[in-house]
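Participant: Following this message is one structure expressed as C-alpha cells.
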Amino acid sequence: MAIVETAAQHFFEHGYAATAIEQVAADAGVSKVTIYNQFGDKRALFTAAVECECEKMRGHFSLEGTVQGTIRERLTAIGQAIYAFLSRPEMIQFERRIAAETEVEPAIGAAFLEAGPWRMKHGFAAYLSRAVTAGELVIPDPLLAAEQFVSMCKGMGDLERRFGAFVSPEARDHRIAGAVEVFLAAYGPRATDR
C-alpha cells in the first residue's frame, strides 16, 4: 500500500510522464524490482494509484449516508452530496491531472472512468432500482436515470467550478431543487399508479 500511496502522490503532483519508477521506489523504501514484480509496468502502477485515489474519494460520497425521508428529500440530499463531492479542491485538481494525462495516454482516462465515475454511476443506479422496487419511482433504465440526475445536479456549475468561477449556495440549491423536480416529474409514480 505504501508503494501505491507514494506513486499516487508522485503521479498527481508531477504527472505521468515526469514520474520515475526509481523515485517512487526510493520514496516508498522499496526496490524498483519490487515495483515491477508487483505491478508489471508503470501504467499498471498508475492504474493502481488511480483506483486507490478513487476509493478514497468514494469514501467522501456514500449513498448509505444520505438522510431518510421522502424520495424528494433523499434525492435532494444526494444531489447536494454529489455537488459537494465534485466541488472539493482535491477532486478538481485530480480531474485536471487525469484529463492532462489522458491526452498523452488514453488508457489513463479509461482507468479513471472505470475506477471512479462508472462505478459510482452503477452504485447510484442500484439505489434508484431499490426505489423502483419500493414503488417510489418508475424508471425503465436506472443507469440512464442515474446519469441524467447527476448531470442535472451538476449543470453549468460543473463547468463553472472547473474554470474557477464562484457558485453561490443559493444558485447551487436552486439548481439541485430544479433537478429533483424534473427527475420526479419524469420518474415519479403517476397519479394512476398511486
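Chain labels A, B, ... are given in the sequence in which chains occur in the C-alpha cells; within each chain residues are numbered consecutively from 1, and ligands are likewise numbered from 1 in the order shown.
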Could you produce a table of the residues of stretch 73-127 of chain A lying within 9 Å of stretch 9-16 of chain A, with the nearest pair of atoms per residue and their separation in Å rounded to one decimal, using only C-alpha atoms, ordered by chain and increasing residue number, as a Markdown table?

Facilitator:
```
| residue | atom | partner | partner_atom | distance |
| --- | --- | --- | --- | --- |
| A:Gln93 | CA | A:Phe12 | CA | 8.4 |
| A:Phe94 | CA | A:Phe12 | CA | 6.9 |
| A:Arg97 | CA | A:Phe12 | CA | 6.3 |
| A:Ile98 | CA | A:Phe12 | CA | 8.1 |
| A:Ala100 | CA | A:Gly15 | CA | 8.3 |
| A:Glu101 | CA | A:Tyr16 | CA | 6.4 |
| A:Glu105 | CA | A:Tyr16 | CA | 8.7 |
```

Participant: Considering only C-alpha atoms, return as a PDB file with N, CA and C atoms, in the first residue's frame whatever protein or nucleic-acid residues lie within 12 Å of A:Val132, sequence-local ones (same chain, fewer than 3 positions apart) excluded.

Facilitator:
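In the end it all went to result_30.pdb:
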```pdb
ATOM      1  N   ILE A  71     -38.809  10.452  -0.947  1.00  0.00           N
ATOM      2  CA  ILE A  71     -37.902  10.310  -2.079  1.00  0.00           C
ATOM      3  C   ILE A  71     -37.385  11.686  -2.503  1.00  0.00           C
ATOM      4  N   ALA A 125     -27.337   3.816  -9.673  1.00  0.00           N
ATOM      5  CA  ALA A 125     -28.394   3.107 -10.415  1.00  0.00           C
ATOM      6  C   ALA A 125     -29.010   2.009  -9.556  1.00  0.00           C
ATOM      7  N   ALA A 126     -28.172   1.328  -8.770  1.00  0.00           N
ATOM      8  CA  ALA A 126     -28.688   0.293  -7.862  1.00  0.00           C
ATOM      9  C   ALA A 126     -29.582   0.916  -6.794  1.00  0.00           C
ATOM     10  N   TYR A 127     -29.205   2.082  -6.311  1.00  0.00           N
ATOM     11  CA  TYR A 127     -30.017   2.815  -5.331  1.00  0.00           C
ATOM     12  C   TYR A 127     -31.377   3.166  -5.939  1.00  0.00           C
ATOM     13  N   LEU A 128     -31.363   3.661  -7.176  1.00  0.00           N
ATOM     14  CA  LEU A 128     -32.612   4.014  -7.857  1.00  0.00           C
ATOM     15  C   LEU A 128     -33.465   2.763  -8.094  1.00  0.00           C
ATOM     16  N   SER A 129     -32.837   1.647  -8.401  1.00  0.00           N
ATOM     17  CA  SER A 129     -33.575   0.398  -8.604  1.00  0.00           C
ATOM     18  C   SER A 129     -34.305  -0.023  -7.331  1.00  0.00           C
ATOM     19  N   GLY A 135     -41.620   1.173  -4.995  1.00  0.00           N
ATOM     20  CA  GLY A 135     -42.764   1.893  -5.541  1.00  0.00           C
ATOM     21  C   GLY A 135     -42.635   3.406  -5.489  1.00  0.00           C
ATOM     22  N   GLU A 136     -41.442   3.906  -5.192  1.00  0.00           N
ATOM     23  CA  GLU A 136     -41.247   5.355  -5.092  1.00  0.00           C
ATOM     24  C   GLU A 136     -40.947   6.002  -6.437  1.00  0.00           C
ATOM     25  N   LEU A 137     -40.401   5.235  -7.373  1.00  0.00           N
ATOM     26  CA  LEU A 137     -40.052   5.737  -8.693  1.00  0.00           C
ATOM     27  C   LEU A 137     -40.463   4.727  -9.749  1.00  0.00           C
ATOM     28  N   VAL A 138     -40.613   5.196 -10.980  1.00  0.00           N
ATOM     29  CA  VAL A 138     -40.895   4.333 -12.127  1.00  0.00           C
ATOM     30  C   VAL A 138     -39.806   4.637 -13.159  1.00  0.00           C
ATOM     31  N   ILE A 139     -38.791   3.762 -13.213  1.00  0.00           N
ATOM     32  CA  ILE A 139     -37.625   4.019 -14.063  1.00  0.00           C
ATOM     33  C   ILE A 139     -37.348   2.781 -14.913  1.00  0.00           C
ATOM     34  N   PRO A 140     -37.496   2.891 -16.229  1.00  0.00           N
ATOM     35  CA  PRO A 140     -37.207   1.739 -17.077  1.00  0.00           C
ATOM     36  C   PRO A 140     -35.702   1.472 -17.234  1.00  0.00           C
ATOM     37  N   ASP A 141     -34.865   2.510 -17.122  1.00  0.00           N
ATOM     38  CA  ASP A 141     -33.422   2.362 -17.316  1.00  0.00           C
ATOM     39  C   ASP A 141     -32.687   3.105 -16.196  1.00  0.00           C
ATOM     40  N   PRO A 142     -32.435   2.438 -15.070  1.00  0.00           N
ATOM     41  CA  PRO A 142     -31.793   3.109 -13.933  1.00  0.00           C
ATOM     42  C   PRO A 142     -30.409   3.682 -14.236  1.00  0.00           C
ATOM     43  N   ALA A 145     -31.064   6.933 -15.969  1.00  0.00           N
ATOM     44  CA  ALA A 145     -31.641   7.867 -14.995  1.00  0.00           C
ATOM     45  C   ALA A 145     -30.586   8.388 -14.032  1.00  0.00           C
ATOM     46  N   TYR A 187     -39.884  10.572 -13.489  1.00  0.00           N
ATOM     47  CA  TYR A 187     -39.788   9.212 -12.946  1.00  0.00           C
ATOM     48  C   TYR A 187     -40.602   8.957 -11.681  1.00  0.00           C
ATOM     49  N   GLY A 188     -41.327   9.949 -11.212  1.00  0.00           N
ATOM     50  CA  GLY A 188     -42.163   9.718 -10.035  1.00  0.00           C
ATOM     51  C   GLY A 188     -43.378   8.884 -10.403  1.00  0.00           C
ATOM     52  N   PRO A 189     -43.968   8.203  -9.423  1.00  0.00           N
ATOM     53  CA  PRO A 189     -45.188   7.410  -9.723  1.00  0.00           C
ATOM     54  C   PRO A 189     -46.288   8.306 -10.283  1.00  0.00           C
TER      55      PRO A 189
END
```

Participant: Skip A:Gly109 itself and residues of its chain fewer than 3 positions away, then list as a count of residues only all residues within 7 Å of it, counting only C-alpha atoms.

Facilitator: 6

Participant: Tell me, as a PyMOL selection string, which residues lie within 12 Å of A:Glu90, counting only C-alpha atoms; anything in the same chain fewer than 4 positions away does not count.

Facilitator: chain A and resi 12-13+53-54+56-57+60+84-86+94-97+162

Participant: Those same residues - C-alpha atoms - I'd like them written as a compact mmCIF listing (two decimals), in the first residue's frame.

Facilitator:
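Written out: result-v9.txt:
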```txt
# COMPACT_ATOMS: atom_id res chain seq x y z
CA PHE A 12 -0.76 13.61 -9.21
CA GLU A 13 1.90 16.16 -8.29
CA GLU A 53 -7.48 7.69 -5.08
CA CYS A 54 -10.95 6.94 -6.41
CA LYS A 56 -10.60 7.45 -1.08
CA MET A 57 -12.90 9.82 -2.92
CA HIS A 60 -16.38 11.11 0.84
CA ALA A 84 -20.17 18.92 -2.60
CA PHE A 85 -18.13 15.86 -3.59
CA LEU A 86 -17.30 17.22 -7.04
CA PHE A 94 -7.41 15.28 -9.53
CA GLU A 95 -9.74 15.65 -12.54
CA ARG A 96 -7.46 18.23 -14.15
CA ARG A 97 -4.43 15.98 -13.75
CA ARG A 162 -13.58 23.79 -13.36
```

Participant: Could you go through chain A and tell me which residues DSSP, when run on the backbone, assigns to helix (DSSP H, G or I), listing them as a ChimeraX atom specification?

Facilitator: /A:2-14,21-28,32-39,42-59,63-65,71-87,89-104,106-115,117-133,142-162,169-187,191-193

Participant: Find, counting only C-alpha atoms, the residue in A:Met152, A:Ala146, A:Leu159, A:Ala18 that gets nearest to A:Phe124.

Facilitator: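 Checking each of A:Met152, A:Ala146, A:Leu159, A:Ala18 against A:Phe124, counting only C-alpha atoms, the winner is A:Ala146.
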
Participant: Choose the residue, out of A:Glu51, A:Asp158, A:Glu5, A:Asp41, that has the smallest atom-to-atom separation from A:Asp27; count only C-alpha atoms.

Facilitator: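 Ranking A:Glu51, A:Asp158, A:Glu5, A:Asp41 by distance to A:Asp27, first place goes to A:Glu5.
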
Participant: When distances are computed from only C-alpha atoms, which of A:Leu184, A:Gly157, A:Arg74, A:Glu147 shows the smallest separation from A:Pro169?

Facilitator: A:Gly157

Participant: To one decimal in Å, tell me the separation between atom CA of A:Val24 and atom CA of A:Ala7.

Facilitator: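 For atom CA of A:Val24 relative to atom CA of A:Ala7, the distance reads 5.7 Å.
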
Participant: Mind checking which residues fall within 12 Å of A:Ala44, counting only C-alpha atoms, ignoring those fewer than 2 positions away in the same chain, and posting them as a list in words?

Facilitator: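 Once the nearby chain positions are removed, what remains is Val4, Ala7, Ala8, Tyr16, Ile21, Ile35, Tyr36, Asn37, Gln38, Phe39, Gly40, Asp41, Lys42, Phe46, Thr47, Ala48, Ala49, Val50, Glu51, Ala107, Ile108 and Ala111 of chain A.
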
Participant: If you measure from atom CA of A:Met120 to atom CA of A:Met91, what distance in Å do you get, rounded to one decimal?

Facilitator: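 Distance between the two atoms: 14.5 Å.
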
Participant: Which is closer to A:Arg161 than all the others in A:Ala134, A:Ala186, A:Ile92, A:Cys52, using only C-alpha atoms?

Facilitator: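 Ranking A:Ala134, A:Ala186, A:Ile92, A:Cys52 by distance to A:Arg161, first place goes to A:Ile92.
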